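What follows is a short report on a single structure.
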2 protein chains.
Amino acid sequence: MLYGYLRRVLKVNLTTRSIIKEEVPESYLRGYLGGLGLGARLYYDLVPWNVEPLSSENVVILVTGPVQGTLIPGSGRGLIISKSPLTNRFFSSNFGGYFTRELKEAGYDAVVISGKSDEPLYLKIDDGDVELRSASKIWGMNAYEVQDAIKDELGDRKFQVLCIGPSGENLVRISAVIHDIRAAGRGGIAAVFGFKKLKAVAVRGSGRVEVAYPDEILKFFIEISKKARNHPFLVRYGTTAVMETVNKLGGLGTRNWQSEVFEGASRISGQTTIPKHKVKDVACAFCPIGCTKIQQIREGKYAGMWVKGPEYETLYSLGSMTGVDDFPTVVAAARKCDELGLDTISAGVVVAFAMEAYEKGILTAEECDGLKLNFGNGDAMIELIDRIGLRKGWLGNLLAEGVARASSIIGCGSQYFAMHFKGLELAGHSPRAVKAWTLGYSVGWRGGSHHDARPHDIEYANPVEVRAFSIDGKPELIRDTTLRVMVEESLITCRFFGGYYGVRTPGETHSKIIKFVTGWEPSVSEITKIAERIRNLIRVIEVREGFDSKADKNPPLRVLYEPIPDGPSKGAHTSPKEFKAMLRKFYEIMGWDPDSGVPKEEKLKELDLDFTLLK
Amino acid sequence: MLYGYLRRVLKVNLTTRSIIKEEVPESYLRGYLGGLGLGARLYYDLVPWNVEPLSSENVVILVTGPVQGTLIPGSGRGLIISKSPLTNRFFSSNFGGYFTRELKEAGYDAVVISGKSDEPLYLKIDDGDVELRSASKIWGMNAYEVQDAIKDELGDRKFQVLCIGPSGENLVRISAVIHDIRAAGRGGIAAVFGFKKLKAVAVRGSGRVEVAYPDEILKFFIEISKKARNHPFLVRYGTTAVMETVNKLGGLGTRNWQSEVFEGASRISGQTTIPKHKVKDVACAFCPIGCTKIQQIREGKYAGMWVKGPEYETLYSLGSMTGVDDFPTVVAAARKCDELGLDTISAGVVVAFAMEAYEKGILTAEECDGLKLNFGNGDAMIELIDRIGLRKGWLGNLLAEGVARASSIIGCGSQYFAMHFKGLELAGHSPRAVKAWTLGYSVGWRGGSHHDARPHDIEYANPVEVRAFSIDGKPELIRDTTLRVMVEESLITCRFFGGYYGVRTPGETHSKIIKFVTGWEPSVSEITKIAERIRNLIRVIEVREGFDSKADKNPPLRVLYEPIPDGPSKGAHTSPKEFKAMLRKFYEIMGWDPDSGVPKEEKLKELDLDFTLLK
């Protein structure tokens with residue numbers, strides 16, 4: 001008997017409106033832990049290789065891990081898995097809050113939504129009572145309004161709501177699924193919701209997640225909480241403090257990565273703004289850190305406007321990337337993204353791309369329809385975000401496709417500075433100042449996500465010669481942190497507890513957590529094997545979907561050819577030769593074919609993935 | 001009654017083996033002249049937009065113009081039209097020799113070959129006697145051997161043969177159709193032959209092409225011949241002399257366009273080699289110039305080896321591009337291409353690409369399977385050409401796909417130096433030293449062909465400030481020379497008579513030629529309208545095949561971002577802004593939509609292309 005799981009998946013078909021509950025085989029839990037692992041296994045079973053992301057055949061999988069609904073610190077997270085309309089690949093998008101705790105308490109490890117409705121719907125899950133309800137009245141509402149409206153309609157604020165804003169309805173490929181004030185931001189999965197005419201999922205549970213060792217978990221919670229409350233910056237600043245750290249290292253993407261030092265960083269970083277603007281600390285379920293800061297503008301044209309964070313990634317994308325260092329403007333832009341249901345990272349990168357294209361004369365004044373898209377023009381940024389989120393005008397509609405598609409249509413050399421990996425806009429950790437990231441982003445299953453590997457968790461402490469100018473040991477670093485990520489994404493634990501649970505590889509603490517929750521106590525080597533199994537299963541899915549090594553080989557050209565021009569990491573880039581060498585080494589240590597990047601047959605057999613071998 | 005035409009098209013289906021003769025409507029001749037115009041019209045009628053180039057649905061159209069078989073100087077040419085397996089677009093490949101004269105004398109303006117055979121065949125056309133014959137015994141022969149074998153089998157050396165070598169049989173996407181010692185080199189149409197299992201077409205004719213004013217034509221022939229015999233270099237050197245001219249201007253693609261000055265140019269240029277190596281002058285049908293030079297190596301390991309030319313384009317691609325300045329080696333490489341049936345331009349560009357990738361560490365030693373692909377390594381070049389032509393080994397097989405596909409698979413930043421437009425490897429006239437060419441190649445229907453427009457015919461005489469550093473008047477220059485090319489490719493006259501017939505726009509001499517041959521005397525403005533009609537019809541085909549303005553917007557990134565590092569054109573490149581400005585202006589003066597590049601409805605109506613408007 002495994003505690004911590006409900007062993008139940010809810011399957012909803014929007015076309016037929018069928019609602020069924022199925023048992024999850026124990027082999028899926030022991031084999032893949034939950035979360036990303038379980039989601040990948042369900043995706044492998046359910047999604048044929050050639051499915052169009054925006055089609056009734058694509059599925060949305062909401063998935064939890066064993067720790068959701070327990071006191072394990074960092075358990076307040078969940079995943080949405082689907083084929084991404086942005087990258088056309090298997091995708092997982094991680095979000096925090098209370099939704100997955102509630103889902104577990106309602107009795108489900110996962111929800112699989114397939115089909116497509118003709119009219120707007122939302123899904124209500126109230127313990128065993130599951131219902132598809134009309135969303136006609138709430139279709140078109142922004143992502144904050146709609147959550148309130150649903151809670152009002154259902155008559156209980158306890159319902160946790162996952163929803164899309166107008167961007168998802170408009171099939172914007174960089175749209176985000178919103179829960180509470182948080183986002184499952186990346187990969188445009190909100191467009192899959194929009195296509196299916198699924199406005200929201202609301203869940204309420206009255207059950208309890210049974211665990212194997214409740215007393216041990218309580219002790220563990222107290223122990224970790226004590227440490228975590230002493231975190232050097234997360235408790236006080238959340239991620240808003242990261243901006244200064246990264247800027248000081250000379251790795252802060254600035255003006256579309258034309259530089260990696262932003263002279264305005266300290267005007268928008270948490271160290272400056274939190275003392276003045278913070279109105280509230282917020283936490284995900286059972287989190288002792290509470291890294292979420294609500295900041296509110298006090299005066300000026302945005303007086304009264306508040307926003308979650310903005311998190312570091314948003315300060316990067318809507319701040320340094322666009323050259324905007326006016327804090328109220330960044331807040332207003334972030335707020336607009338949240339309401340529209342847009343991924344702030346992708347939105348900012350896309351705007352920065354358009355700004356560089358405009359300044360280079362590739363986008364003409366007519367094409368920008370009146371917008372003066374110079375770097376630093378915050379008003380233009382906000383207007384452009386609005387156009388993107390609503391697909392207004394030629395440019396807004398084009399940029400709504402994401403930077404890879406947009407640059408391929410704009411052409412004229414804009415491909416050179418389209419900052420994405422695998423079609424996913426680049427997050428705020430530098431692939432030049434942290435050379436390992438060039439490899440990490442490239443071999444990630446998502447691409448430009450800073451959560452596919454975590455080299456900077458280690459490299460930011462290293463001197464620049466190691467971090468930015470050496471390839472030694474980087475393939476190993478990417479492999480190790482990828483395996484760590486596999487465990488964290490499958491349990492699902494918050495990345496910010498990595499420092500306490502194991503910052504490089506899966507470790508003893510993971511083993512302990514699994515034991516406390518499930519009663520099962522896999523060894524570190526067993527957990528490592530599970531982590532490898534999950535990454536290899538996802539790799540098999542990638543290959544099946546048409547992506548072998550050639551998809552791993554396309555870092556932005558700027559990263560390969562243009563050294564950082566100034567600052568502490570000046571001169572850093574990843575030459576094509578270094579990149580190629582890291583890539584081949586990575587394949588080798590992963591047990592993947594060094595040419596094709598396809599897992600070798602013996603590796604798949606070793607990981608009990610024989611069933612994926614094509615006959 | 002229009003003289004000069006036979007009004008007959010031969011249609012052969014390789015699947016059903018049906019052979020029929022159809023009348024060509026007079027409207028097709030008056031509307032499109034012949035050649036490219038007639039071929040485009042037939043293609044428009046016959047080839048649905050989504051046809052796979054290597055499929056039985058694709059067709060091969062051999063086409064002549066009104067002047068073939070007449071004494072009009074420069075009439076010894078023909079076209080092969082098909083959907084290119086290299087560019088996936090409408091394509092026309094021009095070749096010289098005696099084939100089209102013979103085809104006209106056999107009684108046909110055009111031959112359309114469709115379907116696909118299960119066993120190797122060749123097509124024999126002997127006046128009205130047309131037969132598909134087994135090619136089982138000659139399949140696998142090189143392009144020189146097979147022509148002899150067919151003439152032997154048919155018992156008459158008068159048969160003119162168009163054939164493919166082993167590369168076409170191997171579906172190499174840069175393979176060339178060979179006639180005599182000449183090539184319809186570009187676009188990989190030989191792979192279409194290979195796919196269809198069509199090894200060759202042999203033709204013999206006993207008829208005569210009736211013309212309207214034979215005496216005038218004779219006088220015209222004498223008049224032009226006198227001028228042409230005084231051509232400053234073609235009579236003596238053919239195109240082998242062009243290398244020094246272009247090198248002196250600082251526009252000679254060298255080491256994959258890392259430079260545009262080649263220190264070894266004078267070791268392989270005609271001025272040096274012709275006096276020592278020329279053994280023979282050869283001419284196309286009725287040509288007073290005879291620009292073809294046969295050169296033979298006297299000593300060393302290639303003693304006795306002879307080759308046509310090598311033409312300037314081949315000296316560029318297999319010489320300066322690969323950094324090889326040993327003349328016997330260039331001759332041996334060119335000879336190998338001819339025998340295999342490979343396009344020398346594309347082959348050289350692909351080899352140069354591989355050399356740069358090797359030197360940059362993007363291609364590893366293992367991937368090159370023992371070849372040391374440094375620039376200047378002539379032996380490695382010859383071996384690699386062999387592997388490409390026969391698809392031997394991983395690298396040979398990959399490069400056989402052409403530089404665009406190869407770079408997209410190799411990745412690692414190699415896209416930056418993949419020197420092609422629209423998938424067609426770049427010819428030997430610089431898009432940086434002749435800035436107008438950046439536009440010309442980009443808006444050509446083929447892409448990297450130096451025959452889609454002809455700006456250098458005018459720009460080489462201009463100072464570097466005009467030629468390389470100004471965009472003024474370049475869109476007009478590209479439009480004008482494109483229209484000239486439309487007339488030349490449709491009549492079909494050799495480019496080298498452009499200097500006598502009109503070097504920029506269609507002119508009086510074209511009107512005169514048409515009158516002498518056909519009896520019809522269109523005015524210059526009528527001819528210009530026909531030229532516009534042909535280009536617009538091809539544009540409609542391009543759009544139908546999925547290529548609107550976005551396909552025009554992708555010059556090689558090196559052209560946009562990397563100034564020429566040294567030599568007389570030092571500093572020249574075409575910035576993204578300049579390129580964009582030229583492109584929009586070009587669309588405007590063509591009557592095409594400035595955003596989409598699609599011909600406007602009123603333009604199509606003005607050109608009597610209403611039938612192409614989608615209902």
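Order determines the names: the first chain of the structure tokens is A, the second B, and so forth; residues in each chain are numbered 1 upward, and ligands are numbered 1 upward as they are shown.
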Can you check which parts of chain A lie within 9 Å of chain B? Per residue, the shortest pair of atoms and distance in Å to one decimal, counting only C-alpha atoms, sorted by chain and number, as a tab-separated table.
```
residue	atom	partner	partner_atom	distance
A:Lys360	CA	B:Lys577	CA	6.1
A:Gly361	CA	B:Lys577	CA	4.5
A:Ile362	CA	B:Lys577	CA	5.4
A:Leu363	CA	B:Lys580	CA	8.4
A:Thr364	CA	B:Lys580	CA	8.6
A:Glu367	CA	B:Asp595	CA	8.6
A:Ser408	CA	B:Lys550	CA	7.4
A:Ile409	CA	B:Lys550	CA	5.1
A:Ile410	CA	B:Lys550	CA	6.6
A:Gly411	CA	B:Lys553	CA	5.0
A:Cys412	CA	B:Lys553	CA	5.1
A:Gly413	CA	B:Leu557	CA	5.9
A:Ser414	CA	B:Pro576	CA	8.1
A:Gln415	CA	B:Leu557	CA	8.6
A:Tyr416	CA	B:Leu557	CA	7.5
A:Ser549	CA	B:Ile409	CA	8.3
A:Lys550	CA	B:Ile409	CA	5.1
A:Ala551	CA	B:Ile409	CA	8.2
A:Asp552	CA	B:Gly411	CA	8.4
A:Lys553	CA	B:Gly411	CA	4.9
A:Asn554	CA	B:Gly411	CA	5.6
A:Pro555	CA	B:Cys412	CA	7.1
A:Pro556	CA	B:Gly413	CA	8.0
A:Leu557	CA	B:Gly413	CA	5.9
A:Leu560	CA	B:Gly413	CA	6.6
A:Tyr561	CA	B:Gly413	CA	8.0
A:Ser575	CA	B:Lys360	CA	8.6
A:Pro576	CA	B:Cys412	CA	5.4
A:Lys577	CA	B:Gly361	CA	4.5
A:Glu578	CA	B:Gly361	CA	8.1
A:Phe579	CA	B:Cys412	CA	7.1
A:Lys580	CA	B:Ile362	CA	6.1
A:Ala581	CA	B:Gly361	CA	8.4
A:Asp595	CA	B:Glu367	CA	8.6
```
Polymer residues at most 8 Å from A:Val598, only C-alpha atoms, same-chain spacing of 3 or more positions, as an MDAnalysis selection string: chainID A and resid 539:540 543 548:549 592:593
Keeping only all heavy atoms, write those residues as a PDB file, in the first residue's frame.
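Contents of out_32.pdb, as written:
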```pdb
ATOM      1  N   ARG A 539      12.127  11.812 -23.420  1.00  0.00           N
ATOM      2  CA  ARG A 539      12.954  11.835 -24.635  1.00  0.00           C
ATOM      3  C   ARG A 539      12.337  10.960 -25.726  1.00  0.00           C
ATOM      4  O   ARG A 539      12.343  11.325 -26.900  1.00  0.00           O
ATOM      5  CB  ARG A 539      14.370  11.344 -24.306  1.00  0.00           C
ATOM      6  CG  ARG A 539      15.363  11.506 -25.447  1.00  0.00           C
ATOM      7  CD  ARG A 539      15.646  12.961 -25.721  1.00  0.00           C
ATOM      8  NE  ARG A 539      16.602  13.159 -26.804  1.00  0.00           N
ATOM      9  CZ  ARG A 539      17.015  14.346 -27.210  1.00  0.00           C
ATOM     10  NH1 ARG A 539      16.568  15.453 -26.656  1.00  0.00           N
ATOM     11  NH2 ARG A 539      17.878  14.456 -28.186  1.00  0.00           N
ATOM     12  N   VAL A 540      11.824   9.825 -25.322  1.00  0.00           N
ATOM     13  CA  VAL A 540      11.154   8.958 -26.300  1.00  0.00           C
ATOM     14  C   VAL A 540       9.961   9.697 -26.913  1.00  0.00           C
ATOM     15  O   VAL A 540       9.730   9.638 -28.121  1.00  0.00           O
ATOM     16  CB  VAL A 540      10.697   7.643 -25.627  1.00  0.00           C
ATOM     17  CG1 VAL A 540       9.709   6.897 -26.514  1.00  0.00           C
ATOM     18  CG2 VAL A 540      11.904   6.768 -25.316  1.00  0.00           C
ATOM     19  N   VAL A 543      11.256  12.222 -29.401  1.00  0.00           N
ATOM     20  CA  VAL A 543      11.664  11.578 -30.654  1.00  0.00           C
ATOM     21  C   VAL A 543      10.430  11.179 -31.456  1.00  0.00           C
ATOM     22  O   VAL A 543      10.356  11.409 -32.667  1.00  0.00           O
ATOM     23  CB  VAL A 543      12.563  10.357 -30.367  1.00  0.00           C
ATOM     24  CG1 VAL A 543      12.822   9.556 -31.644  1.00  0.00           C
ATOM     25  CG2 VAL A 543      13.879  10.812 -29.734  1.00  0.00           C
ATOM     26  N   ASP A 548      14.567  14.813 -32.796  1.00  0.00           N
ATOM     27  CA  ASP A 548      15.772  14.152 -32.317  1.00  0.00           C
ATOM     28  C   ASP A 548      16.851  15.221 -32.140  1.00  0.00           C
ATOM     29  O   ASP A 548      16.537  16.378 -31.872  1.00  0.00           O
ATOM     30  CB  ASP A 548      16.184  13.013 -33.247  1.00  0.00           C
ATOM     31  CG  ASP A 548      16.505  13.515 -34.635  1.00  0.00           C
ATOM     32  OD1 ASP A 548      16.503  14.743 -34.862  1.00  0.00           O
ATOM     33  OD2 ASP A 548      16.770  12.683 -35.507  1.00  0.00           O
ATOM     34  N   SER A 549      18.098  14.831 -32.282  1.00  0.00           N
ATOM     35  CA  SER A 549      19.186  15.749 -31.948  1.00  0.00           C
ATOM     36  C   SER A 549      19.100  17.073 -32.698  1.00  0.00           C
ATOM     37  O   SER A 549      19.542  18.096 -32.188  1.00  0.00           O
ATOM     38  CB  SER A 549      20.535  15.088 -32.242  1.00  0.00           C
ATOM     39  OG  SER A 549      20.734  14.956 -33.629  1.00  0.00           O
ATOM     40  N   TRP A 592      22.660   8.189 -24.648  1.00  0.00           N
ATOM     41  CA  TRP A 592      21.942   8.486 -25.885  1.00  0.00           C
ATOM     42  C   TRP A 592      22.913   8.409 -27.054  1.00  0.00           C
ATOM     43  O   TRP A 592      24.105   8.693 -26.898  1.00  0.00           O
ATOM     44  CB  TRP A 592      21.300   9.899 -25.827  1.00  0.00           C
ATOM     45  CG  TRP A 592      20.249  10.031 -24.767  1.00  0.00           C
ATOM     46  CD1 TRP A 592      19.736   9.040 -23.965  1.00  0.00           C
ATOM     47  CD2 TRP A 592      19.589  11.245 -24.359  1.00  0.00           C
ATOM     48  NE1 TRP A 592      18.792   9.548 -23.103  1.00  0.00           N
ATOM     49  CE2 TRP A 592      18.673  10.899 -23.320  1.00  0.00           C
ATOM     50  CE3 TRP A 592      19.653  12.575 -24.778  1.00  0.00           C
ATOM     51  CZ2 TRP A 592      17.851  11.843 -22.699  1.00  0.00           C
ATOM     52  CZ3 TRP A 592      18.845  13.512 -24.157  1.00  0.00           C
ATOM     53  CH2 TRP A 592      17.949  13.153 -23.133  1.00  0.00           C
ATOM     54  N   ASP A 593      22.415   8.084 -28.219  1.00  0.00           N
ATOM     55  CA  ASP A 593      23.258   8.010 -29.406  1.00  0.00           C
ATOM     56  C   ASP A 593      23.910   9.375 -29.654  1.00  0.00           C
ATOM     57  O   ASP A 593      23.207  10.395 -29.701  1.00  0.00           O
ATOM     58  CB  ASP A 593      22.406   7.610 -30.610  1.00  0.00           C
ATOM     59  CG  ASP A 593      23.237   7.488 -31.872  1.00  0.00           C
ATOM     60  OD1 ASP A 593      23.465   8.524 -32.542  1.00  0.00           O
ATOM     61  OD2 ASP A 593      23.660   6.365 -32.175  1.00  0.00           O
TER      62      ASP A 593
END
```
Filtered DSSP result for stretch 404-561 of chain A, state strand (DSSP E or B), as a PyMOL selection string: chain A and resi 420-421+424-425
All helix (DSSP H, G or I) positions in stretch 421-603 of chain B, as a PyMOL selection string: chain B and resi 436-443+456-459+464-469+474-491+495-501+508-518+524-544+549-552+557-561+576-590+601-603
Nearby residues (only C-alpha atoms) at most 8 Å from A:Asn170, same-chain spacing under 4 positions excluded, as a PyMOL selection string: chain A and resi 166+191+194+389-391
Neighbour list for A:Lys301 as a PyMOL selection string, cut-off 10 Å, only C-alpha atoms, skip fewer than 3 positions in-chain: chain A and resi 297-298+304-305+328-329+332
Closest of B:Gly428, B:Gly444, B:Gly376, B:Gly34 to B:Leu483 - atom-to-atom distances counting only C-alpha atoms: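 When distances to B:Leu483 are compared using only C-alpha atoms, the smallest one comes from B:Gly444.
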Spatial neighbours of B:Ser525, 10 Å, only C-alpha atoms, chain gap at least 2 places, as number ranges by chain: B: 506-508, 511, 522-523, 527-531
Write a file of the just-selected residues containing C-alpha atoms, as a PDB file, in the first residue's frame.
```
ATOM      1  CA  PRO B 506      13.405  44.667 -73.025  1.00  0.00           C
ATOM      2  CA  GLY B 507      14.069  46.761 -76.122  1.00  0.00           C
ATOM      3  CA  GLU B 508      13.765  47.334 -79.856  1.00  0.00           C
ATOM      4  CA  SER B 511      10.956  43.413 -80.998  1.00  0.00           C
ATOM      5  CA  PRO B 522       5.068  43.506 -80.764  1.00  0.00           C
ATOM      6  CA  SER B 523       6.129  46.952 -79.585  1.00  0.00           C
ATOM      7  CA  ILE B 527       7.000  43.004 -74.888  1.00  0.00           C
ATOM      8  CA  THR B 528       7.476  44.628 -71.506  1.00  0.00           C
ATOM      9  CA  LYS B 529       3.923  43.748 -70.635  1.00  0.00           C
ATOM     10  CA  ILE B 530       4.527  40.137 -71.655  1.00  0.00           C
ATOM     11  CA  ALA B 531       7.646  40.113 -69.489  1.00  0.00           C
TER      12      ALA B 531
END
```
Pairwise distance for atom CA of A:Val203 and atom CA of A:Gln160, rounded to one decimal in Å: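 Interatomic distance, atom CA of A:Val203 to atom CA of A:Gln160: 5.3 Å.
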Neighbour list for A:Met419 as JSON, numbers by chain, cut-off 12 Å, only C-alpha atoms, skip fewer than 3 positions in-chain: {"A": [253, 254, 255, 256, 257, 258, 317, 321, 345, 346, 348, 349, 350, 351, 352, 353, 354, 356, 402, 403, 404, 405, 406, 407, 414, 415, 416, 422, 423, 424, 425, 426, 427, 428, 430, 431, 438, 441, 447, 448, 449, 554, 555, 556, 557, 558, 559, 560]}
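The spacing separating atom CA of B:Gly519 from atom CA of B:Tyr3 amounts to 6.4 Å.
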Exercise: A:Asp326 partners within 9 Å, only C-alpha atoms, chain neighbours under 4 positions left out, as a list in words: Gly264, Arg267, Ile268, Gly319, Val330, Val331, Gly376 and Gly378 of chain A
Separation of atom CA of A:Ala228 from atom CA of A:Ala110 in Å: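 Distance reported for this atom pair: 29.2 Å.
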Considering only C-alpha atoms, tabulate each residue of stretch 165-252 of chain A that lies at most 10 Å from stretch 98-103 of chain A along with its nearest interatomic pair and the corresponding distance in Å to one decimal; arrange the rows by chain and ascending residue number and present them as a Markdown table.
```
| residue | atom | partner | partner_atom | distance |
| --- | --- | --- | --- | --- |
| A:His179 | CA | A:Phe99 | CA | 7.4 |
| A:Asp180 | CA | A:Tyr98 | CA | 8.3 |
| A:Val201 | CA | A:Phe99 | CA | 9.5 |
| A:Ala202 | CA | A:Phe99 | CA | 8.4 |
| A:Val203 | CA | A:Leu103 | CA | 6.1 |
| A:Arg204 | CA | A:Glu102 | CA | 5.6 |
| A:Gly205 | CA | A:Glu102 | CA | 5.2 |
| A:Ser206 | CA | A:Glu102 | CA | 8.1 |
| A:Gly207 | CA | A:Glu102 | CA | 8.8 |
| A:Arg208 | CA | A:Glu102 | CA | 9.4 |
| A:Val209 | CA | A:Arg101 | CA | 8.9 |
```
Proximity to B:Leu10 - best of B:Gly107, B:Ile178, B:Arg89, B:Pro53, only C-alpha atoms: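 Ranked by minimum distance to B:Leu10, first place goes to B:Gly107.
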